[in-house]
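Worksheet: the structure to be examined is printed underneath.
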Amino acid sequence: MSALEVTLKHEVHVVNDPEATKINPMIDVRKLVKRFGLKTVLRGLDFQVQPGEFVALLGPNGAGKTTFLRILASLSRPNLGQVTIAGHALPGQAAAVRRRLGVVSHLPLLYNDLTAEENLRFFGRMYAVPDLDRRITEVLELVGLAARRRDLVRTFSRGMQQRLAIGRAVLHDPDVMLFDEPHTGLDQDACQMLDGVLREVAARGRTVVMTSHDLARSADLASRFDVLSRGVIIASVQRKEIEPNDLLAFYRQATAGA
Amino acid sequence: MKTASSLSRVQAETPRFTLLRATAAIVWKDLAAELRSRELLSSMLVFALLVILIFNFALELDARTRSTVTAGVLWVTFAFAGTLGLNRSMAVEKDRGCLDGLLLAPVDRSAIYFGKAIGNLMFMLLVEIIVLPLYSVLYNTNLFNPGLLLVIFLGSVGYIAVGTLLATMAVQTRTRDVLLPILLFPLVLPVLISAVRASTGFLGGAPLEEILPALNLLIVYDIIFIAAAFMVFDYIVEE
Amino acid sequence: MEIQVKPRALTILDGVSAVLFFAALAMVFFYAPMEAVMGQVQRVFYFHISTAWVGMLGFMSAGVAGIAYLRTNNRKWDIVGTAAVEISLVFFFIAIVSGSIWARPAWNTWWTWDVRLTTATVVELVYFAYMFLRQGIDDPDRRARFGAVYTILGFISVPLTFISIRIFQSIHPVVIGPGEERMGMTPEMRNTMFFSLFTFSVLFVDLLWHRIRLGWLSDKIEQLRLKFAQ
């Protein structure tokens with residue numbers, strides 16, 4: 001029962017904790033409400049992320065993880081509440097937020113009929129990345145696709161596409177990265193390669209939010225674990241405060257009431 | 001937060017330049033992809049030729065009837081082939097989440113509209129440039145009339161202005177494959193009516209003052225539809 | 001939980017509409033004189049023009065509701081828009097059919113590509129497209145947004161279609177306003193026409209109210225369902 005004790009101890013660290021807002025957070029979400037028609041998906045959600053944190057957003061299917069991430073990504077407008085990313089408010093200063101945001105979804109967001117290099121070149125132009133040629137080479141090396149730069153994306157395996165998708169997301173050197181279920185549809189090897197890239201991305205001091213239902217995978221990556229259920233963050237724990245083996249118990253405990 | 005954003009790799013630009021650059025990037029991307037796959041152009045072309053072929057049997061396009069119905073046949077062909085191209089062009093964006101990819105970029109949404117519209121217009125004009133001489137050869141009529149070319153250009157602009165908007169809408173629905181022509185044709189009717197009228201005038205060698213009202217209307221419709229589509233496009237892509 | 005009672009004013013409006021409707025019917029058949037050339041068939045004209053008028057009202061209401069929805073993002077405007085479209089769809093259909101019945105003796109043909117008949121048909125097609133569009137979207141917000149955009153585009157495009165067809169010669173009589181084609185109407189005929197127009201306008205408001213209330217009630221049910229599902 002030691003696992004449960006650990007969990008209960010950490011339940012105190014719920015997100016409303018005023019301590020968490022002392023420094024300027026990179027992501028600051030307050031009282032966020034999102035409805036689809038009459039259905040309320042997010043109910044007054046509060047969420048703060050400090051610069052450099054890697055937050056794994058856990059939660060059962062249909063909890064609103066993807067919806068929440070789409071709002072952070074400026075793809076969806078909140079009905080109520082404030083969302084501030086890197087000091088810019090959404091949706092008012094969306095362009096400023098978008099400039100500092102890199103997003104990887106479970107879809108690759110790449111064009112099949114363009115080569116890896118052409119895809120990056122296109123998105124680089126959309127973001128006005130300076131010294132684009134050098135940057136493309138850099139990014140392709142980072143994600144381990146330098147040898148395939150002139151190959152069409154349609155010839156890539158799922159794992160390679162996902163790595164290129166990460167390359168696309170880091171191309172403009174964003175401060176904040178959002179990953180929506182990046183491991184979906186990948187086999188074991190591809191997952192491991194992806195984790196390597198994710199670690200590399202996180203190691204550069206970026207702020208990362210990743211949704212996942214793969215507890216084991218995120219245990220190795222994240223520095224903080226938040227549980228989203230029924231439209232609010234119900235529990236939060238720091239990586240250093242919990243044993244990896246207790247994570248499952250923590251998650252079970254958090255979602256037990258839902 | 002000012003110092004932080006200056007660290008960012010993206011530099012501040014004048015808004016107009018950003019708009020032009022992003023629009024050009026989207027057009028370049030569409031052309032590069034099409035140059036490689038040729039899926040869109042070839043399917044539009046084959047379809048256009050099939051429509052003309054069917055019209056040949058349906059209308060018995062002999063020399064006499066041809067002169068009166070050519071404008072109609074051409075515009076029906078372009079309109080049908082156009083929906084095929086529009087659907088394909090927007091489906092590519094939707095299927096692999098690329099539309100989200102475009103929306104994530106720090107560019108004005110109108111850049112996305114104009115970029116896609118210009119690309120679509122280029123494909124449509126390209127198909128028309130190939131269909132016209134083929135039609136001329138097949139039916140032994142000369143369609144190389146500068147006036148007619150102008151009408152075809154103006155008509156295509158109006159058609160694509162509405163079409164790009166509605167195709168963006170259609171690909172975000174469940175019934176997208178069948179929806180586009182149903183949505184598009186009743187709305188684009190004014191453009192088609194005036195385009196057919198003006199084309200018939202030029203093909204029949206009518207004096208310019210007779211054609212001018214239809215031509216003027218066509219220009220006015222182009223402006224109205226571009227303005228309207230431009231104004232509502234945000235609501236189609238933003239959630 | 002509050003119980004939704006039908007508003008009293010709505011019940012009164014129902015009664016007023018019914019009375020007006022029968023009065024209009026009586027005027028059409030007993031007050032208005034028989035038209036010399038066309039005979040009894042001409043009597044379809046009064047309701048034809050009235051249904052077309054209501055169709056126009058609905059069409060304009062839908063466009064305005066569309067603009068209001070995009071500006072306010074308030075669901076009630078989506079309900080108003082759908083209500084207006086549905087009513088307009090039915091009334092334009094009646095107008096087209098009664099127009100056909102009129103056209104047979106008047107112009108010796110069931111159908112003519114007359115500018116108004118064609119425009120009414122285009123409106124019907126636009127509305128069918130609108131229905132298809134809404135059916136194909138599951139997300140209610142997107143459905144409302146796309147619907148609003150489409151009604152606004154229709155609102156812009158349909159008058160242009162009208163102008164375009166107008167270039168062709170029209171054989172439709174111009175009923176109101178100066179013009180060579182103006183029909184010879186006796187004062188009784190004119191009175192009947194305006195009374196019909198008024199009656200159908202009241203009927204339109206009544207139906208619109210009912211339909212909006214229906215949409216609002218179904219929203220309530222959905223809300224309750226979601227509440228209990230949790």
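Just so we're on the same page: first chain in the structure tokens is A, next is B, and so on; residues restart at 1 for each chain, and ligands are numbered from 1 in the order they show up.
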Taking a cut-off of 7 Å and counting only C-alpha atoms, can you build a table that, for each residue of chain C near chain B, reports the nearest atom pair and how far apart they are in Å (one decimal), sorted by chain then residue number, as JSON lines?
```
{"residue": "C:Val122", "atom": "CA", "partner": "B:Pro186", "partner_atom": "CA", "distance": 6.1}
{"residue": "C:Leu125", "atom": "CA", "partner": "B:Pro186", "partner_atom": "CA", "distance": 6.5}
{"residue": "C:Val126", "atom": "CA", "partner": "B:Pro186", "partner_atom": "CA", "distance": 5.9}
{"residue": "C:Ala129", "atom": "CA", "partner": "B:Leu183", "partner_atom": "CA", "distance": 5.3}
{"residue": "C:Gly136", "atom": "CA", "partner": "B:Arg174", "partner_atom": "CA", "distance": 4.9}
{"residue": "C:Ile137", "atom": "CA", "partner": "B:Thr173", "partner_atom": "CA", "distance": 5.1}
{"residue": "C:Arg145", "atom": "CA", "partner": "B:Tyr235", "partner_atom": "CA", "distance": 6.7}
{"residue": "C:Phe146", "atom": "CA", "partner": "B:Ile236", "partner_atom": "CA", "distance": 6.5}
{"residue": "C:Val149", "atom": "CA", "partner": "B:Val232", "partner_atom": "CA", "distance": 6.7}
{"residue": "C:Gly154", "atom": "CA", "partner": "B:Leu187", "partner_atom": "CA", "distance": 6.3}
{"residue": "C:Ser157", "atom": "CA", "partner": "B:Leu187", "partner_atom": "CA", "distance": 5.6}
{"residue": "C:Leu160", "atom": "CA", "partner": "B:Pro190", "partner_atom": "CA", "distance": 5.7}
{"residue": "C:Thr161", "atom": "CA", "partner": "B:Pro190", "partner_atom": "CA", "distance": 4.6}
{"residue": "C:Ser164", "atom": "CA", "partner": "B:Pro190", "partner_atom": "CA", "distance": 6.0}
```
**Request:** Identify, on the basis of only C-alpha atoms, every residue whose closest approach to Arg43 in chain A does not exceed 7 Å; exclude the query and any residue fewer than 2 positions from it along the same chain; express the result as a list in words.
**Result:** Leu32, Val33, Lys34, Thr40, Val41, Leu45, Gly231 and Val232 of chain A
**Item:** Of the listed residues C:Tyr127, C:Thr72, C:Val202, C:Met56, that which approaches Leu153 in chain C most closely, counting only C-alpha atoms
**Value:** C:Tyr127
**Request:** Write out as a ChimeraX atom specification every residue belonging to chain A that has an atom at most 10 Å from any atom of chain B, counting only C-alpha atoms.
**Result:** /A:24,70-71,73-78,86-88,94-115,118-119,121-131,152,168-169,171-175
**Request:** Could the residues of chain A within 8 Å of chain C, counting only C-alpha atoms, be given as a PyMOL selection string, please?
**Result:** chain A and resi 36-39
**Request:** Record the distance separating CA of Ala65 in chain C and CA of Gly147 in chain C, expressed in Å with one decimal.
**Result:**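 According to the coordinates, CA of Ala65 in chain C and CA of Gly147 in chain C are separated by 10.3 Å.
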**His48 in chain C surroundings by only C-alpha atoms, 9 Å radius, close-in-sequence under 2 positions cut, as a list in words** =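 The contact residues come out as Val44, Phe45, Tyr46, Ser50, Thr51, Ala52, Trp53, Ile94, Ala95, Ile96, Val97, Ser98, Gly99 and Trp102 of chain C.
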**Message:** Need to verify the contact set: Val157 in chain B, 7 Å, only C-alpha atoms, exclusion of same-chain residues closer than 4 positions in sequence. Can you return it as a list in words?
**Reply:**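 My reading of the contact set: Leu121, Phe153, Ala161 and Asp222 of chain B.
We find CA of Ala202 in chain A and CA of Ile234 in chain A to be spaced 24.9 Å apart.
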**Request:** May I have the residues within 7 Å of range 84-90 of chain B as a ChimeraX atom specification, using only C-alpha atoms and disregarding those fewer than 4 positions away in the same chain?
**Result:** /B:40,44,80,94,120,163-164,167-168,171
Requested write-out: N, CA, C and O atoms of the selected residues, as a short mmCIF file (atom, residue, chain, number, x, y, z; two decimals), in the first residue's frame:
```
data_model
loop_
_atom_site.label_atom_id
_atom_site.label_comp_id
_atom_site.auth_asym_id
_atom_site.auth_seq_id
_atom_site.Cartn_x
_atom_site.Cartn_y
_atom_site.Cartn_z
N LEU B 40 -3.84 15.79 -59.96
CA LEU B 40 -4.94 16.73 -60.06
C LEU B 40 -5.17 17.14 -61.52
O LEU B 40 -6.29 17.03 -62.04
N MET B 44 -8.37 16.11 -63.93
CA MET B 44 -9.21 17.18 -64.45
C MET B 44 -9.28 17.14 -65.97
O MET B 44 -10.35 17.28 -66.57
N PHE B 80 -17.49 21.40 -64.32
CA PHE B 80 -17.40 20.04 -63.80
C PHE B 80 -15.96 19.68 -63.45
O PHE B 80 -15.67 19.18 -62.36
N LYS B 94 -6.67 18.42 -46.01
CA LYS B 94 -7.41 17.93 -44.85
C LYS B 94 -6.92 16.56 -44.38
O LYS B 94 -6.80 16.32 -43.18
N ASN B 120 -5.29 26.92 -57.25
CA ASN B 120 -6.43 26.32 -57.94
C ASN B 120 -6.70 27.00 -59.27
O ASN B 120 -7.00 26.34 -60.27
N GLY B 163 -15.36 28.75 -55.27
CA GLY B 163 -15.08 27.32 -55.20
C GLY B 163 -14.07 26.97 -54.12
O GLY B 163 -14.24 25.99 -53.40
N THR B 164 -13.01 27.77 -54.00
CA THR B 164 -11.99 27.49 -52.99
C THR B 164 -12.59 27.56 -51.59
O THR B 164 -12.34 26.70 -50.74
N ALA B 167 -15.00 24.55 -51.17
CA ALA B 167 -14.26 23.29 -51.08
C ALA B 167 -13.62 23.15 -49.71
O ALA B 167 -13.60 22.05 -49.14
N THR B 168 -13.14 24.25 -49.17
CA THR B 168 -12.58 24.23 -47.81
C THR B 168 -13.65 23.80 -46.82
O THR B 168 -13.40 23.05 -45.88
N VAL B 171 -14.64 19.80 -47.50
CA VAL B 171 -13.73 18.75 -47.03
C VAL B 171 -13.81 18.59 -45.52
O VAL B 171 -13.32 17.60 -44.99
#
```
Name all residues at most 12 Å from Arg213 in chain C (count only C-alpha atoms; drop same-chain ones fewer than 2 positions away) and give them as an mmCIF file with C-alpha atoms, in the first residue's frame.
```cif
data_model
loop_
_atom_site.group_PDB
_atom_site.id
_atom_site.type_symbol
_atom_site.label_atom_id
_atom_site.label_comp_id
_atom_site.auth_asym_id
_atom_site.auth_seq_id
_atom_site.Cartn_x
_atom_site.Cartn_y
_atom_site.Cartn_z
ATOM 1 C CA GLN C 4 -41.776 25.148 -20.286
ATOM 2 C CA VAL C 5 -45.231 26.535 -20.912
ATOM 3 C CA LYS C 6 -46.301 27.762 -24.299
ATOM 4 C CA PRO C 7 -46.314 31.571 -24.118
ATOM 5 C CA LEU C 10 -47.995 32.746 -29.083
ATOM 6 C CA LYS C 76 -29.938 31.303 -30.671
ATOM 7 C CA ILE C 79 -31.810 28.313 -34.324
ATOM 8 C CA VAL C 80 -33.384 31.399 -35.929
ATOM 9 C CA THR C 82 -32.505 27.160 -39.478
ATOM 10 C CA ALA C 83 -36.090 28.069 -38.634
ATOM 11 C CA ASP C 206 -46.256 32.729 -36.065
ATOM 12 C CA LEU C 207 -44.501 29.797 -37.718
ATOM 13 C CA LEU C 208 -41.074 31.283 -37.111
ATOM 14 C CA TRP C 209 -41.879 31.677 -33.444
ATOM 15 C CA HIS C 210 -43.062 28.072 -33.214
ATOM 16 C CA ARG C 211 -40.006 26.780 -34.995
ATOM 17 C CA GLY C 215 -35.312 24.483 -31.552
ATOM 18 C CA TRP C 216 -34.965 26.007 -28.139
ATOM 19 C CA LEU C 217 -36.896 23.167 -26.489
ATOM 20 C CA SER C 218 -34.815 20.528 -28.215
ATOM 21 C CA ASP C 219 -31.740 22.328 -26.890
ATOM 22 C CA LYS C 220 -33.232 22.060 -23.405
#
```
**Asked** How many Å separate CA of Arg190 in chain C from CA of Ala106 in chain C?
**Response**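 Atom-to-atom, CA of Arg190 in chain C to CA of Ala106 in chain C, that is 18.9 Å.
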**Message:** I need the residues in range 6-248 of chain A that are strand (DSSP E) according to DSSP; give them as an MDAnalysis selection string.
**Reply:** chainID A and resid 27:36 39:49 54:58 80:85 88:90 101:104 176:180 207:211 224:229 232:238
**Request:** Quick one: pick out all helix (DSSP H, G or I) residues within range 94-212 of chain A from a backbone DSSP run and write them as a ChimeraX atom specification.
**Result:** /A:94-99,116-126,132-142,146-148,153-155,158-170,188-203
